[in-house]
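The file start-v8.txt comes next; it holds compact mmCIF, C-alpha atoms and all ligand atoms.
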```txt
# COMPACT_ATOMS: atom_id res chain seq x y z
CA MET J 1080 1.63 -13.33 -4.30
CA LEU J 1081 0.61 -11.56 -1.09
CA ALA J 1082 4.28 -11.13 -0.12
CA TRP J 1083 4.97 -9.48 -3.49
CA LEU J 1084 1.96 -7.21 -3.09
CA ASP J 1085 3.05 -6.31 0.43
CA GLU J 1086 6.56 -5.42 -0.75
CA ALA J 1087 5.22 -3.41 -3.68
CA GLY J 1088 2.80 -1.62 -1.34
CA ALA J 1089 5.58 -0.71 1.08
CA ALA J 1090 7.77 0.60 -1.75
CA PHE J 1091 4.88 2.57 -3.26
CA THR J 1092 3.69 4.13 0.01
CA SER J 1093 7.28 5.03 0.93
CA GLN J 1094 7.48 7.03 -2.30
CA VAL J 1095 4.05 8.64 -1.89
CA CYS J 1096 4.76 9.61 1.74
CA GLY J 1097 8.45 10.50 1.33
CA SER J 1098 9.37 8.15 4.16
CA PRO J 1099 11.35 4.88 4.20
CA ARG J 1100 9.65 3.62 7.37
CA MET J 1101 6.22 2.28 6.43
CA VAL J 1102 4.77 -0.83 8.08
CA THR J 1103 1.79 -2.93 7.09
CA LYS J 1104 -1.15 -2.40 9.42
CA CYS J 1105 -3.97 -4.09 7.55
CA ILE J 1106 -4.52 -6.30 4.51
CA SER J 1107 -8.14 -6.51 3.40
CA LYS J 1108 -10.40 -7.41 0.49
CA VAL J 1109 -8.02 -9.93 -1.10
CA ILE J 1110 -9.47 -11.24 -4.37
CA PHE J 1111 -7.69 -13.96 -6.34
CA GLN J 1112 -9.14 -13.69 -9.85
CA ARG J 1113 -6.94 -16.05 -11.87
CA PRO J 1114 -4.22 -18.62 -11.20
CA VAL J 1115 -0.54 -17.79 -11.67
CA ARG J 1116 1.92 -20.41 -12.87
CA PRO J 1117 5.71 -20.48 -12.48
CA GLY J 1118 7.44 -18.51 -15.25
CA GLN J 1119 4.57 -16.10 -15.88
CA ILE J 1120 5.31 -12.38 -15.78
CA ILE J 1121 3.42 -10.44 -13.13
CA LYS J 1122 3.09 -6.65 -13.10
CA ILE J 1123 1.86 -4.82 -10.02
CA TYR J 1124 -0.08 -1.54 -10.18
CA ALA J 1125 -0.95 0.70 -7.23
CA ASP J 1126 -3.18 3.65 -6.45
CA VAL J 1127 -3.90 5.64 -3.32
CA VAL J 1128 -7.34 5.21 -1.76
CA LYS J 1129 -6.89 7.60 1.17
CA ILE J 1130 -4.28 9.24 3.38
CA GLY J 1131 -5.02 9.84 7.04
CA ASN J 1132 -2.82 11.34 9.73
CA THR J 1133 -0.33 8.46 10.14
CA SER J 1134 -1.80 5.92 7.72
CA ILE J 1135 -2.22 5.47 4.01
CA THR J 1136 -4.56 3.00 2.31
CA VAL J 1137 -3.74 1.76 -1.18
CA LYS J 1138 -5.28 -0.54 -3.74
CA LEU J 1139 -2.87 -2.94 -5.45
CA GLU J 1140 -3.57 -4.98 -8.54
CA ALA J 1141 -1.37 -7.78 -9.90
CA ARG J 1142 -1.75 -8.53 -13.61
CA ARG J 1143 -0.49 -11.45 -15.66
CA HIS J 1144 1.42 -10.10 -18.65
CA SER J 1145 1.57 -12.00 -21.94
CA VAL J 1146 4.79 -11.55 -23.88
CA VAL J 1147 3.06 -13.11 -26.89
CA ASN J 1148 0.36 -10.46 -27.46
CA GLY J 1149 1.09 -7.85 -24.77
CA SER J 1150 -2.26 -8.41 -23.03
CA GLN J 1151 -2.68 -8.10 -19.28
CA LYS J 1152 -5.18 -9.98 -17.14
CA PRO J 1153 -5.87 -9.20 -13.48
CA VAL J 1154 -4.87 -12.08 -11.19
CA CYS J 1155 -5.18 -10.58 -7.73
CA GLU J 1156 -6.32 -7.37 -6.07
CA VAL J 1157 -6.04 -6.22 -2.50
CA GLU J 1158 -6.46 -3.18 -0.28
CA MET J 1159 -3.68 -2.50 2.23
CA THR J 1160 -3.10 0.09 4.94
CA PHE J 1161 0.43 1.14 5.87
CA VAL J 1162 1.45 3.31 8.83
CA ARG J 1163 4.42 5.65 8.96
CA ILE J 1164 6.55 4.90 12.01
CA ASP J 1165 9.54 6.49 13.73
CA GLY J 1166 12.76 4.76 14.86
CA ASP J 1167 10.97 3.36 17.93
CA GLY J 1168 8.20 1.83 15.83
CA GLU J 1169 5.61 4.41 16.96
CA PRO J 1170 3.17 5.95 14.47
CA VAL J 1171 4.10 9.44 13.28
CA PRO J 1172 2.24 11.88 11.01
CA ILE J 1173 2.72 11.63 7.26
CA ILE J 1174 3.99 15.06 6.23
CA ASN J 1175 5.67 14.83 2.83
CA VAL J 1176 2.89 13.57 0.58
CA LYS J 1177 3.73 13.72 -3.14
CA LYS J 1178 1.91 16.58 -4.84
CA GLU J 1179 -0.26 14.42 -7.08
CA TYR J 1180 -1.73 12.53 -4.10
CA GLN J 1181 -2.40 15.43 -1.74
CA ASP J 1182 -6.08 15.49 -2.68
CA ARG J 1183 -6.47 11.98 -1.17
CA ARG J 1184 -6.00 13.28 2.38
CA THR J 1185 -8.98 12.55 4.61
CA LYS J 1186 -7.59 14.53 7.54
CA PRO J 1187 -6.05 18.00 7.65
CA LYS J 1188 -2.34 18.08 6.84
CA PRO J 1189 -0.34 17.84 10.13
CA GLU J 1190 1.70 20.98 11.01
C1 LIG W 1 1.61 0.05 12.94
C2 LIG W 1 1.58 0.33 14.45
C3 LIG W 1 2.84 1.08 14.85
C4 LIG W 1 0.36 1.25 14.68
O1 LIG W 1 0.22 1.38 16.05
P1 LIG W 1 -1.24 1.69 16.69
O2 LIG W 1 -1.07 1.72 18.15
O3 LIG W 1 -2.26 0.79 16.10
O4 LIG W 1 -1.46 3.15 16.18
P2 LIG W 1 -2.82 3.94 16.06
O5 LIG W 1 -3.94 3.33 16.84
O6 LIG W 1 -2.44 5.37 16.34
O7 LIG W 1 -3.20 3.80 14.50
C5 LIG W 1 -2.31 4.23 13.52
C6 LIG W 1 -3.08 4.39 12.21
O8 LIG W 1 -3.53 3.11 11.79
C7 LIG W 1 -4.93 3.16 11.53
N1 LIG W 1 -5.51 1.87 11.88
C8 LIG W 1 -5.61 1.32 13.10
N2 LIG W 1 -6.20 0.12 13.02
C9 LIG W 1 -6.47 -0.09 11.71
C10 LIG W 1 -7.08 -1.15 10.98
N3 LIG W 1 -7.52 -2.25 11.60
N4 LIG W 1 -7.19 -1.02 9.66
C11 LIG W 1 -6.75 0.08 9.01
N5 LIG W 1 -6.16 1.13 9.65
C12 LIG W 1 -6.03 1.04 10.98
C13 LIG W 1 -5.45 4.28 12.43
O9 LIG W 1 -6.68 4.78 11.96
C14 LIG W 1 -4.31 5.27 12.34
O10 LIG W 1 -4.41 5.98 11.11
P3 LIG W 1 -4.56 7.59 11.06
O11 LIG W 1 -3.49 8.17 11.94
O12 LIG W 1 -4.31 7.91 9.61
O13 LIG W 1 -5.93 7.90 11.51
C15 LIG W 1 1.43 -0.98 15.27
O14 LIG W 1 0.11 -1.47 15.13
C16 LIG W 1 2.41 -2.02 14.84
O15 LIG W 1 3.62 -1.90 15.06
N6 LIG W 1 1.92 -3.10 14.20
C17 LIG W 1 2.79 -4.15 13.69
C18 LIG W 1 3.24 -3.78 12.25
C19 LIG W 1 3.96 -4.90 11.59
O16 LIG W 1 4.75 -5.59 12.21
N7 LIG W 1 3.69 -5.09 10.30
C20 LIG W 1 4.27 -6.15 9.54
C21 LIG W 1 3.33 -7.31 9.55
S1 LIG W 1 4.05 -8.70 8.70
```

Can I see the file as structure tokens?
Ligand SMILES: CC(C)(COP(=O)(O)OP(=O)(O)OC[C@H]1O[C@@H](n2cnc3c(N)ncnc32)[C@H](O)[C@@H]1OP(=O)(O)O)[C@@H](O)C(=O)NCCC(=O)NCCS
Amino acid sequence: MLAWLDEAGAAFTSQVCGSPRMVTKCISKVIFQRPVRPGQIIKIYADVVKIGNTSITVKLEARRHSVVNGSQKPVCEVEMTFVRIDGDGEPVPIINVKKEYQDRRTKPKPE
């Protein structure tokens, strides 16, 4: 489950930051609410908590989806921080934040 959330977080933050090179810096506040059994459908939802200079923190929620009645029940939630890196693996400023998330910046936009 954590590996799925990590992958989803990387894909989501890459889109939000317009950069394919995002690495996981921190995984915190993991809450396992319900068990998941083989064969169950899991949907993962993400939202941006904050965007710093080189880092972005997101909240991810995995929900168990019922094909019988369409209901969704939270199974796991986590907060993760990803850092934008360059080709040498060094942190670099996030500069291409998607319009709808620009208000989540906690630091001035880098020039
Ligand atoms: C990601 C990495 C390049 C960052 O390098 P660093 O020397 O820690 O860089 P910095 O100290 O400049 O911190 C970079 C950002 O991370 C944030 N950060 C540092 N420690 C943090 C922590 N414990 N939790 C959350 N954010 C943190 C900093 O605040 C900074 O964000 P900002 O620029 O928005 O303010 C480096 O730590 C690394 O390569 N880690 C391994 C990544 C990895 O392999 N991930 C996969 C794990 S399976």

* **Pairwise distance for atom O15 of ligand LIG 1 (chain W) and CA of Gly1168 (chain J), rounded to one decimal in Å** => 6.0 Å

* **Distance filter 6 Å around ligand LIG 1 (chain W), atoms: all atoms listed in the file, out as a ChimeraX atom specification** => /J:1102-1105,1131-1134,1160,1162,1168-1170

* Asked: So which residues touch Tyr1124 (chain J) within 8 Å, counting only C-alpha atoms, skipping near sequence neighbours fewer than 2 positions away, as a ChimeraX atom specification?
  -> /J:1122,1126,1139-1142

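Counting from CA of Ile1123 (chain J), the distance to CA of Arg1183 (chain J) is 20.7 Å.
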
* Asked: At what distance in Å, to one decimal, does CA of Ser1107 (chain J) lie from CA of Glu1158 (chain J)?
  ->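 So the two atoms, CA of Glu1158 (chain J) and CA of Ser1107 (chain J), lie 5.2 Å apart.
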
Could you add N, CA and C atoms to region 1084-1115 of chain J and give me the result as a PDB file, in the coordinates of the input?
```pdb
ATOM      1  N   LEU J1084       2.836  -8.378  -3.179  1.00  0.00           N
ATOM      2  CA  LEU J1084       1.960  -7.210  -3.090  1.00  0.00           C
ATOM      3  C   LEU J1084       2.320  -6.353  -1.873  1.00  0.00           C
ATOM      4  N   ASP J1085       2.662  -7.021  -0.783  1.00  0.00           N
ATOM      5  CA  ASP J1085       3.050  -6.310   0.430  1.00  0.00           C
ATOM      6  C   ASP J1085       4.325  -5.497   0.192  1.00  0.00           C
ATOM      7  N   GLU J1086       5.300  -6.122  -0.457  1.00  0.00           N
ATOM      8  CA  GLU J1086       6.560  -5.420  -0.750  1.00  0.00           C
ATOM      9  C   GLU J1086       6.327  -4.246  -1.684  1.00  0.00           C
ATOM     10  N   ALA J1087       5.516  -4.492  -2.719  1.00  0.00           N
ATOM     11  CA  ALA J1087       5.220  -3.410  -3.680  1.00  0.00           C
ATOM     12  C   ALA J1087       4.485  -2.280  -2.970  1.00  0.00           C
ATOM     13  N   GLY J1088       3.557  -2.628  -2.080  1.00  0.00           N
ATOM     14  CA  GLY J1088       2.800  -1.620  -1.340  1.00  0.00           C
ATOM     15  C   GLY J1088       3.708  -0.786  -0.454  1.00  0.00           C
ATOM     16  N   ALA J1089       4.651  -1.434   0.208  1.00  0.00           N
ATOM     17  CA  ALA J1089       5.580  -0.710   1.080  1.00  0.00           C
ATOM     18  C   ALA J1089       6.442   0.243   0.254  1.00  0.00           C
ATOM     19  N   ALA J1090       6.928  -0.246  -0.889  1.00  0.00           N
ATOM     20  CA  ALA J1090       7.770   0.600  -1.750  1.00  0.00           C
ATOM     21  C   ALA J1090       6.968   1.792  -2.279  1.00  0.00           C
ATOM     22  N   PHE J1091       5.724   1.513  -2.700  1.00  0.00           N
ATOM     23  CA  PHE J1091       4.880   2.570  -3.260  1.00  0.00           C
ATOM     24  C   PHE J1091       4.528   3.621  -2.208  1.00  0.00           C
ATOM     25  N   THR J1092       4.097   3.157  -1.023  1.00  0.00           N
ATOM     26  CA  THR J1092       3.690   4.130   0.010  1.00  0.00           C
ATOM     27  C   THR J1092       4.897   4.923   0.527  1.00  0.00           C
ATOM     28  N   SER J1093       6.073   4.295   0.520  1.00  0.00           N
ATOM     29  CA  SER J1093       7.280   5.030   0.930  1.00  0.00           C
ATOM     30  C   SER J1093       7.510   6.206  -0.020  1.00  0.00           C
ATOM     31  N   GLN J1094       7.299   5.959  -1.316  1.00  0.00           N
ATOM     32  CA  GLN J1094       7.480   7.030  -2.300  1.00  0.00           C
ATOM     33  C   GLN J1094       6.412   8.106  -2.141  1.00  0.00           C
ATOM     34  N   VAL J1095       5.153   7.671  -1.992  1.00  0.00           N
ATOM     35  CA  VAL J1095       4.050   8.640  -1.890  1.00  0.00           C
ATOM     36  C   VAL J1095       4.221   9.513  -0.639  1.00  0.00           C
ATOM     37  N   CYS J1096       4.691   8.897   0.458  1.00  0.00           N
ATOM     38  CA  CYS J1096       4.760   9.610   1.740  1.00  0.00           C
ATOM     39  C   CYS J1096       6.147  10.185   2.028  1.00  0.00           C
ATOM     40  N   GLY J1097       7.098   9.971   1.123  1.00  0.00           N
ATOM     41  CA  GLY J1097       8.450  10.500   1.330  1.00  0.00           C
ATOM     42  C   GLY J1097       9.075  10.000   2.609  1.00  0.00           C
ATOM     43  N   SER J1098       8.826   8.718   2.929  1.00  0.00           N
ATOM     44  CA  SER J1098       9.370   8.150   4.160  1.00  0.00           C
ATOM     45  C   SER J1098       9.752   6.683   3.956  1.00  0.00           C
ATOM     46  N   PRO J1099      10.960   6.277   4.396  1.00  0.00           N
ATOM     47  CA  PRO J1099      11.350   4.880   4.200  1.00  0.00           C
ATOM     48  C   PRO J1099      10.746   3.932   5.231  1.00  0.00           C
ATOM     49  N   ARG J1100      10.164   4.485   6.297  1.00  0.00           N
ATOM     50  CA  ARG J1100       9.650   3.620   7.370  1.00  0.00           C
ATOM     51  C   ARG J1100       8.137   3.498   7.321  1.00  0.00           C
ATOM     52  N   MET J1101       7.664   2.542   6.519  1.00  0.00           N
ATOM     53  CA  MET J1101       6.220   2.280   6.430  1.00  0.00           C
ATOM     54  C   MET J1101       5.987   0.814   6.801  1.00  0.00           C
ATOM     55  N   VAL J1102       5.048   0.567   7.722  1.00  0.00           N
ATOM     56  CA  VAL J1102       4.770  -0.830   8.080  1.00  0.00           C
ATOM     57  C   VAL J1102       3.326  -1.190   7.733  1.00  0.00           C
ATOM     58  N   THR J1103       3.124  -2.445   7.440  1.00  0.00           N
ATOM     59  CA  THR J1103       1.790  -2.930   7.090  1.00  0.00           C
ATOM     60  C   THR J1103       0.933  -3.003   8.343  1.00  0.00           C
ATOM     61  N   LYS J1104      -0.212  -2.345   8.288  1.00  0.00           N
ATOM     62  CA  LYS J1104      -1.150  -2.400   9.420  1.00  0.00           C
ATOM     63  C   LYS J1104      -2.298  -3.360   9.112  1.00  0.00           C
ATOM     64  N   CYS J1105      -2.774  -3.307   7.864  1.00  0.00           N
ATOM     65  CA  CYS J1105      -3.970  -4.090   7.550  1.00  0.00           C
ATOM     66  C   CYS J1105      -3.962  -4.542   6.082  1.00  0.00           C
ATOM     67  N   ILE J1106      -4.343  -5.788   5.875  1.00  0.00           N
ATOM     68  CA  ILE J1106      -4.520  -6.300   4.510  1.00  0.00           C
ATOM     69  C   ILE J1106      -5.982  -6.738   4.416  1.00  0.00           C
ATOM     70  N   SER J1107      -6.712  -6.148   3.465  1.00  0.00           N
ATOM     71  CA  SER J1107      -8.140  -6.510   3.400  1.00  0.00           C
ATOM     72  C   SER J1107      -8.579  -6.703   1.952  1.00  0.00           C
ATOM     73  N   LYS J1108      -9.769  -7.233   1.813  1.00  0.00           N
ATOM     74  CA  LYS J1108     -10.400  -7.410   0.490  1.00  0.00           C
ATOM     75  C   LYS J1108      -9.452  -8.066  -0.508  1.00  0.00           C
ATOM     76  N   VAL J1109      -8.900  -9.214  -0.159  1.00  0.00           N
ATOM     77  CA  VAL J1109      -8.020  -9.930  -1.100  1.00  0.00           C
ATOM     78  C   VAL J1109      -8.900 -10.720  -2.074  1.00  0.00           C
ATOM     79  N   ILE J1110      -8.710 -10.483  -3.366  1.00  0.00           N
ATOM     80  CA  ILE J1110      -9.470 -11.240  -4.370  1.00  0.00           C
ATOM     81  C   ILE J1110      -8.490 -11.905  -5.327  1.00  0.00           C
ATOM     82  N   PHE J1111      -8.530 -13.225  -5.395  1.00  0.00           N
ATOM     83  CA  PHE J1111      -7.690 -13.960  -6.340  1.00  0.00           C
ATOM     84  C   PHE J1111      -8.546 -14.264  -7.574  1.00  0.00           C
ATOM     85  N   GLN J1112      -8.270 -13.556  -8.671  1.00  0.00           N
ATOM     86  CA  GLN J1112      -9.140 -13.690  -9.850  1.00  0.00           C
ATOM     87  C   GLN J1112      -8.742 -14.831 -10.791  1.00  0.00           C
ATOM     88  N   ARG J1113      -7.425 -15.027 -10.946  1.00  0.00           N
ATOM     89  CA  ARG J1113      -6.940 -16.050 -11.870  1.00  0.00           C
ATOM     90  C   ARG J1113      -5.711 -16.730 -11.283  1.00  0.00           C
ATOM     91  N   PRO J1114      -5.432 -17.966 -11.710  1.00  0.00           N
ATOM     92  CA  PRO J1114      -4.220 -18.620 -11.200  1.00  0.00           C
ATOM     93  C   PRO J1114      -2.959 -18.051 -11.840  1.00  0.00           C
ATOM     94  N   VAL J1115      -1.845 -18.196 -11.140  1.00  0.00           N
ATOM     95  CA  VAL J1115      -0.540 -17.790 -11.670  1.00  0.00           C
ATOM     96  C   VAL J1115       0.366 -19.007 -11.651  1.00  0.00           C
TER      97      VAL J1115
END
```
